[in-house]
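A.B. asks: For reference, the file input05.pdb (PDB, C-alpha atoms, pLDDT in the B column) is included below:
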```pdb
MODEL        1
ATOM      1  CA  MET E 105       0.000   0.000   0.000  1.00 77.00           C
ATOM      2  CA  TYR E 106       2.830   2.378   0.893  1.00 79.00           C
ATOM      3  CA  ALA E 107       4.550   1.774  -2.438  1.00 82.00           C
ATOM      4  CA  SER E 108       1.302   2.314  -4.358  1.00 84.00           C
ATOM      5  CA  PHE E 109       0.179   5.524  -2.693  1.00 87.00           C
ATOM      6  CA  ARG E 110       3.435   7.205  -1.606  1.00 89.00           C
ATOM      7  CA  ALA E 111       4.097   9.225  -4.790  1.00 91.00           C
ATOM      8  CA  PRO E 112       0.560  10.568  -5.375  1.00 92.00           C
ATOM      9  CA  LEU E 113       0.066  11.377  -1.707  1.00 91.00           C
ATOM     10  CA  LEU E 114       3.435  13.137  -1.544  1.00 92.00           C
ATOM     11  CA  ARG E 115       2.488  15.265  -4.585  1.00 92.00           C
ATOM     12  CA  PHE E 116      -0.852  16.094  -2.956  1.00 92.00           C
ATOM     13  CA  LEU E 117       0.851  17.188   0.270  1.00 91.00           C
ATOM     14  CA  GLN E 118       3.695  19.023  -1.444  1.00 91.00           C
ATOM     15  CA  ARG E 119       1.266  21.123  -3.518  1.00 91.00           C
ATOM     16  CA  ARG E 120      -0.448  22.262  -0.335  1.00 90.00           C
ATOM     17  CA  LEU E 121       2.537  22.625   1.999  1.00 88.00           C
ATOM     18  CA  LYS E 122       5.005  24.048  -0.563  1.00 87.00           C
ATOM     19  CA  ASP E 123       7.906  22.361   1.241  1.00 87.00           C
ATOM     20  CA  ARG E 124       9.245  18.881   0.501  1.00 89.00           C
ATOM     21  CA  GLN E 125      10.389  18.189   4.081  1.00 90.00           C
ATOM     22  CA  ASP E 126       7.039  19.224   5.538  1.00 88.00           C
ATOM     23  CA  ALA E 127       5.313  17.091   2.901  1.00 90.00           C
ATOM     24  CA  GLU E 128       7.538  14.102   3.785  1.00 91.00           C
ATOM     25  CA  ASP E 129       6.684  14.546   7.463  1.00 90.00           C
ATOM     26  CA  ALA E 130       2.970  14.802   6.698  1.00 90.00           C
ATOM     27  CA  LEU E 131       3.214  11.726   4.462  1.00 91.00           C
ATOM     28  CA  GLN E 132       4.845   9.777   7.272  1.00 89.00           C
ATOM     29  CA  GLU E 133       2.254  10.936   9.767  1.00 88.00           C
ATOM     30  CA  SER E 134      -0.615  10.070   7.379  1.00 88.00           C
ATOM     31  CA  PHE E 135       0.575   6.479   7.031  1.00 85.00           C
ATOM     32  CA  THR E 136       1.177   6.333  10.789  1.00 85.00           C
ATOM     33  CA  ARG E 137      -2.363   7.484  11.500  1.00 82.00           C
ATOM     34  CA  LEU E 138      -3.667   4.916   9.035  1.00 80.00           C
ATOM     35  CA  ALA E 139      -1.705   2.169  10.801  1.00 78.00           C
ATOM     36  CA  ALA E 140      -2.752   3.433  14.244  1.00 76.00           C
ATOM     37  CA  ALA E 141      -6.416   3.403  13.200  1.00 72.00           C
ATOM     38  CA  GLY E 142      -6.106  -0.342  12.775  1.00 68.00           C
ATOM     39  CA  GLN E 143      -9.013  -0.467  10.364  1.00 66.00           C
ATOM     40  CA  SER E 144      -8.957  -2.720   7.357  1.00 67.00           C
ATOM     41  CA  THR E 145     -10.611  -1.008   4.426  1.00 65.00           C
ATOM     42  CA  ALA E 146     -11.671  -2.485   1.129  1.00 67.00           C
ATOM     43  CA  LEU E 147      -9.069  -2.188  -1.610  1.00 64.00           C
ATOM     44  CA  GLN E 148     -11.101   0.367  -3.592  1.00 69.00           C
ATOM     45  CA  ASN E 149     -11.536   2.546  -0.466  1.00 76.00           C
ATOM     46  CA  GLN E 150      -7.901   2.618   0.667  1.00 80.00           C
ATOM     47  CA  ARG E 151      -6.802   5.534  -1.507  1.00 84.00           C
ATOM     48  CA  PRO E 152      -9.709   7.882  -0.612  1.00 86.00           C
ATOM     49  CA  TYR E 153      -9.383   6.933   3.058  1.00 85.00           C
ATOM     50  CA  LEU E 154      -5.647   7.690   3.078  1.00 86.00           C
ATOM     51  CA  PHE E 155      -6.132  11.004   1.256  1.00 89.00           C
ATOM     52  CA  GLN E 156      -8.868  11.958   3.726  1.00 89.00           C
ATOM     53  CA  ILE E 157      -6.455  11.247   6.586  1.00 89.00           C
ATOM     54  CA  ALA E 158      -3.882  13.509   4.899  1.00 90.00           C
ATOM     55  CA  ALA E 159      -6.449  16.287   4.340  1.00 90.00           C
ATOM     56  CA  ASN E 160      -7.532  16.056   7.989  1.00 89.00           C
ATOM     57  CA  LEU E 161      -3.898  16.229   9.032  1.00 88.00           C
ATOM     58  CA  LEU E 162      -3.398  19.400   6.977  1.00 90.00           C
ATOM     59  CA  ARG E 163      -6.474  20.973   8.580  1.00 89.00           C
ATOM     60  CA  ASP E 164      -5.266  19.968  12.049  1.00 85.00           C
ATOM     61  CA  ARG E 165      -1.847  21.502  11.388  1.00 83.00           C
ATOM     62  CA  ALA E 166      -3.360  24.733  10.067  1.00 83.00           C
ATOM     63  CA  ARG E 167      -5.630  25.045  13.117  1.00 82.00           C
ATOM     64  CA  GLU E 168      -2.738  24.311  15.453  1.00 79.00           C
ATOM     65  CA  GLN E 169      -0.536  26.940  13.795  1.00 75.00           C
ATOM     66  CA  LEU E 170      -3.277  29.543  14.106  1.00 75.00           C
ATOM     67  CA  ARG E 171      -3.838  28.644  17.735  1.00 73.00           C
ATOM     68  CA  GLN E 172      -0.204  28.495  18.773  1.00 66.00           C
ATOM     69  CA  GLY E 173       1.370  31.325  16.816  1.00 62.00           C
ATOM     70  CA  PRO E 174       5.175  31.270  16.548  1.00 61.00           C
ATOM     71  CA  VAL E 175       6.896  28.109  17.752  1.00 56.00           C
ATOM     72  CA  LYS E 176       9.974  28.090  19.972  1.00 59.00           C
ATOM     73  CA  MET E 177      12.262  25.147  19.237  1.00 61.00           C
ATOM     74  CA  VAL E 178      14.138  23.474  22.086  1.00 61.00           C
ATOM     75  CA  SER E 179      16.749  20.766  21.845  1.00 64.00           C
ATOM     76  CA  TYR E 180      15.918  17.383  23.316  1.00 63.00           C
ATOM     77  CA  ASP E 181      19.606  16.776  23.971  1.00 66.00           C
ATOM     78  CA  ASP E 182      20.164  20.037  25.881  1.00 65.00           C
ATOM     79  CA  PRO E 183      20.465  19.016  29.560  1.00 60.00           C
ATOM     80  CA  ASP E 184      19.564  22.557  30.624  1.00 62.00           C
ATOM     81  CA  THR E 185      16.108  22.305  29.037  1.00 58.00           C
ATOM     82  CA  HIS E 186      13.394  21.061  31.367  1.00 58.00           C
ATOM     83  CA  THR E 187       9.691  20.717  30.735  1.00 55.00           C
ATOM     84  CA  GLU E 188       9.140  23.585  33.164  1.00 57.00           C
ATOM     85  CA  ASP E 189      11.217  25.835  30.863  1.00 55.00           C
ATOM     86  CA  VAL E 190       9.014  25.248  27.821  1.00 55.00           C
ATOM     87  CA  PRO E 191       6.881  28.347  27.525  1.00 54.00           C
ATOM     88  CA  ALA E 192       3.149  27.854  27.493  1.00 51.00           C
ATOM     89  CA  ASP E 193       0.693  30.309  26.008  1.00 52.00           C
ATOM     90  CA  PRO E 194       0.032  32.844  28.788  1.00 54.00           C
ATOM     91  CA  SER E 195      -3.632  33.045  27.792  1.00 54.00           C
ATOM     92  CA  ASN E 196      -4.061  29.355  28.685  1.00 55.00           C
ATOM     93  CA  CYS E 197      -5.538  28.546  32.031  1.00 66.00           C
ATOM     94  CA  PRO E 198      -3.367  26.785  34.639  1.00 72.00           C
ATOM     95  CA  VAL E 199      -5.156  23.485  34.012  1.00 70.00           C
ATOM     96  CA  ALA E 200      -4.255  23.588  30.308  1.00 70.00           C
ATOM     97  CA  THR E 201      -0.662  24.506  31.150  1.00 73.00           C
ATOM     98  CA  THR E 202      -0.417  21.587  33.577  1.00 77.00           C
ATOM     99  CA  ALA E 203      -1.921  19.198  31.022  1.00 75.00           C
ATOM    100  CA  HIS E 204       0.581  20.437  28.426  1.00 75.00           C
ATOM    101  CA  ARG E 205       3.506  19.817  30.770  1.00 83.00           C
ATOM    102  CA  GLU E 206       2.179  16.354  31.640  1.00 84.00           C
ATOM    103  CA  ARG E 207       2.004  15.484  27.926  1.00 82.00           C
ATOM    104  CA  LEU E 208       5.605  16.657  27.497  1.00 84.00           C
ATOM    105  CA  GLN E 209       6.687  14.473  30.412  1.00 86.00           C
ATOM    106  CA  ARG E 210       4.820  11.510  28.945  1.00 85.00           C
ATOM    107  CA  LEU E 211       6.520  12.118  25.606  1.00 85.00           C
ATOM    108  CA  ALA E 212       9.920  12.106  27.316  1.00 86.00           C
ATOM    109  CA  GLN E 213       8.972   8.835  29.050  1.00 87.00           C
ATOM    110  CA  ALA E 214       7.718   7.354  25.772  1.00 87.00           C
ATOM    111  CA  LEU E 215      10.998   8.230  24.078  1.00 88.00           C
ATOM    112  CA  GLN E 216      12.912   6.422  26.809  1.00 90.00           C
ATOM    113  CA  GLU E 217      10.679   3.347  26.359  1.00 90.00           C
ATOM    114  CA  LEU E 218      11.377   3.094  22.616  1.00 91.00           C
ATOM    115  CA  PRO E 219      13.931   0.603  21.309  1.00 93.00           C
ATOM    116  CA  GLU E 220      17.313   2.287  20.928  1.00 94.00           C
ATOM    117  CA  ARG E 221      17.369   2.445  17.100  1.00 94.00           C
ATOM    118  CA  GLN E 222      13.797   3.769  16.888  1.00 93.00           C
ATOM    119  CA  ARG E 223      14.590   6.425  19.478  1.00 91.00           C
ATOM    120  CA  GLU E 224      17.785   7.418  17.676  1.00 93.00           C
ATOM    121  CA  ALA E 225      16.006   7.781  14.319  1.00 93.00           C
ATOM    122  CA  PHE E 226      13.111   9.683  15.902  1.00 90.00           C
ATOM    123  CA  VAL E 227      15.342  12.124  17.785  1.00 89.00           C
ATOM    124  CA  LEU E 228      17.594  12.752  14.785  1.00 92.00           C
ATOM    125  CA  HIS E 229      14.620  13.438  12.524  1.00 91.00           C
ATOM    126  CA  ARG E 230      12.122  15.203  14.777  1.00 86.00           C
ATOM    127  CA  PHE E 231      14.371  17.023  17.248  1.00 84.00           C
ATOM    128  CA  ASP E 232      17.628  17.525  15.350  1.00 86.00           C
ATOM    129  CA  GLY E 233      15.825  18.305  12.092  1.00 87.00           C
ATOM    130  CA  LEU E 234      17.681  15.862   9.854  1.00 90.00           C
ATOM    131  CA  THR E 235      15.994  14.594   6.721  1.00 90.00           C
ATOM    132  CA  GLN E 236      15.238  10.897   6.445  1.00 91.00           C
ATOM    133  CA  ASP E 237      18.142  10.535   3.995  1.00 92.00           C
ATOM    134  CA  GLU E 238      20.516  12.214   6.457  1.00 93.00           C
ATOM    135  CA  VAL E 239      19.283   9.984   9.274  1.00 93.00           C
ATOM    136  CA  ALA E 240      19.856   6.923   7.066  1.00 94.00           C
ATOM    137  CA  ASP E 241      23.415   8.053   6.315  1.00 95.00           C
ATOM    138  CA  ARG E 242      24.176   8.807   9.948  1.00 94.00           C
ATOM    139  CA  MET E 243      22.748   5.510  11.226  1.00 95.00           C
ATOM    140  CA  GLY E 244      24.139   3.427   8.353  1.00 95.00           C
ATOM    141  CA  ILE E 245      20.744   2.005   7.364  1.00 95.00           C
ATOM    142  CA  SER E 246      18.410   2.332   4.390  1.00 94.00           C
ATOM    143  CA  ARG E 247      15.951   5.193   4.054  1.00 92.00           C
ATOM    144  CA  ARG E 248      13.144   2.630   4.092  1.00 93.00           C
ATOM    145  CA  MET E 249      14.329   1.343   7.485  1.00 94.00           C
ATOM    146  CA  VAL E 250      14.424   4.937   8.771  1.00 93.00           C
ATOM    147  CA  SER E 251      10.841   5.328   7.587  1.00 91.00           C
ATOM    148  CA  LYS E 252       9.823   2.166   9.467  1.00 93.00           C
ATOM    149  CA  HIS E 253      11.609   3.288  12.644  1.00 93.00           C
ATOM    150  CA  LEU E 254       9.921   6.704  12.451  1.00 92.00           C
ATOM    151  CA  SER E 255       6.429   5.370  11.838  1.00 90.00           C
ATOM    152  CA  ARG E 256       6.690   2.873  14.695  1.00 92.00           C
ATOM    153  CA  ALA E 257       8.159   5.456  17.073  1.00 90.00           C
ATOM    154  CA  LEU E 258       5.555   8.054  16.149  1.00 87.00           C
ATOM    155  CA  ALA E 259       2.676   5.595  16.512  1.00 87.00           C
ATOM    156  CA  TYR E 260       3.941   4.470  19.924  1.00 88.00           C
ATOM    157  CA  CYS E 261       4.532   8.029  21.162  1.00 85.00           C
ATOM    158  CA  GLU E 262       1.153   9.196  19.888  1.00 84.00           C
ATOM    159  CA  VAL E 263      -0.660   6.482  21.822  1.00 83.00           C
ATOM    160  CA  ARG E 264       1.653   6.570  24.843  1.00 82.00           C
ATOM    161  CA  VAL E 265       1.215  10.311  25.458  1.00 81.00           C
ATOM    162  CA  ARG E 266      -2.470   9.666  26.178  1.00 79.00           C
ATOM    163  CA  TYR E 267      -1.707   7.446  29.197  1.00 73.00           C
ATOM    164  CA  ALA E 268       0.012   8.076  32.545  1.00 69.00           C
ATOM    165  CA  SER E 269       2.137   4.928  32.220  1.00 66.00           C
ATOM    166  CA  ALA E 270       2.947   2.138  29.806  1.00 66.00           C
ATOM    167  CA  ASP E 271       1.137  -0.267  32.158  1.00 72.00           C
ATOM    168  CA  GLN E 272      -2.022   1.862  32.032  1.00 69.00           C
ATOM    169  CA  MET E 273      -1.816   1.905  28.232  1.00 65.00           C
ATOM    170  CA  THR E 274      -1.441  -1.884  28.069  1.00 70.00           C
ATOM    171  CA  ASP E 275      -4.265  -2.455  30.564  1.00 70.00           C
ATOM    172  CA  ARG E 276      -6.597  -0.073  28.729  1.00 65.00           C
ATOM    173  CA  HIS E 277      -5.978  -1.700  25.334  1.00 60.00           C
ATOM    174  CA  ALA E 278      -6.430  -5.166  26.825  1.00 67.00           C
ATOM    175  CA  ALA E 279      -9.764  -4.075  28.321  1.00 64.00           C
ATOM    176  CA  ASP E 280     -10.870  -2.503  25.010  1.00 61.00           C
ATOM    177  CA  ASN E 281      -9.930  -5.644  23.070  1.00 60.00           C
ATOM    178  CA  ALA E 282     -11.759  -7.862  25.570  1.00 63.00           C
ATOM    179  CA  ALA E 283     -14.866  -5.687  25.275  1.00 58.00           C
ATOM    180  CA  ASP E 284     -14.693  -5.949  21.471  1.00 54.00           C
ATOM    181  CA  GLY E 285     -14.250  -9.718  21.663  1.00 57.00           C
ATOM    182  CA  GLU E 286     -10.775  -9.525  20.109  1.00 52.00           C
ATOM    183  CA  PRO E 287      -7.791 -11.538  21.333  1.00 53.00           C
ATOM    184  CA  GLU E 288      -5.461  -9.657  23.660  1.00 47.00           C
ATOM    185  CA  GLU E 289      -2.337  -8.132  22.086  1.00 46.00           C
ATOM    186  CA  THR E 290       0.910  -7.456  23.867  1.00 46.00           C
ATOM    187  CA  VAL E 291       2.817  -4.227  23.346  1.00 41.00           C
TER     188      VAL E 291
ENDMDL
END
```
Represent the structure of the file as structure tokens.
C.D. replies:
Amino acid sequence: MYASFRAPLLRFLQRRLKDRQDAEDALQESFTRLAAAGQSTALQNQRPYLFQIAANLLRDRAREQLRQGPVKMVSYDDPDTHTEDVPADPSNCPVATTAHRERLQRLAQALQELPERQREAFVLHRFDGLTQDEVADRMGISRRMVSKHLSRALAYCEVRVRYASADQMTDRHAADNAADGEPEETV
């Protein structure tokens, strides 16, 4: 599916975002969201479903940019940066600020829980700003493997940030699967 839809979806995203790197990131996130949805769609519906995910992603990003305004970048590797130092929008209420900081802490925990190679690829790409080709060169692996590491890391982090602990995440998914009558999966 990735091989079939990568090129047309990338063109679609690049026309709207006007930047190849942003389009590559959105492409990766679109396929990650598709995988995270866990739905099997009929062959004739896969393309429209994937393009709808990408369009929703573009709308989400546009709304987020309008809401947040300018973004301050911080280095993940900088030991002097703490979650308390990340500025929150002063117009947010204290509850929203606390929730934001909790999500950042959960993201940091999720990154530590990732396998070493996934974490390395994720940090190099998302925090250090390297392209997938540069990450592949630095890690000595193929670009396709970088793409796999990134999609798995992003999917895990996206789900993990919603839960207070990895155990809570596992328990919740086991309960959901049991309620749906599906066999239990291990993470």
A.B. asks: Separation of CA of Arg210 in chain E and CA of Glu168 in chain E, in Å?
C.D. replies: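 About the pair CA of Arg210 in chain E and CA of Glu168 in chain E: they are 20.1 Å apart.
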A.B. asks: Just the number, please: distance in Å from CA of Leu154 in chain E to CA of Val265 in chain E, one decimal.
C.D. replies: 23.6 Å
A.B. asks: Which residue out of E:Asp275, E:Glu133, E:Leu208, E:Val239 has the minimum interatomic distance to Ala257 in chain E when all atoms listed in the file are used?
C.D. replies: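 Counting all atoms listed in the file, the residue closest to Ala257 in chain E is E:Glu133.
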A.B. asks: From the set E:Gln125, E:Gln118, E:Gln222, E:Thr235, which residue has the shortest atom-to-atom contact distance to Met249 in chain E, counting all atoms listed in the file?
C.D. replies: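 Of E:Gln125, E:Gln118, E:Gln222, E:Thr235, the one nearest Met249 in chain E is E:Gln222, counting all atoms listed in the file.
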A.B. asks: What gap, in Å, lies between CA of Arg207 in chain E and CA of Val227 in chain E?
C.D. replies: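 Atom-to-atom, CA of Arg207 in chain E to CA of Val227 in chain E, that is 17.1 Å.
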A.B. asks: As AutoDock Vina command-line options, what would the box around range 233-245 of chain E look like: edges along x, y and z, 6 Å added on every side, centre and edge lengths in Å to one decimal?
C.D. replies:
```
--center_x 19.7 --center_y 10.2 --center_z 8.0 --size_x 20.9 --size_y 28.3 --size_z 20.1
```
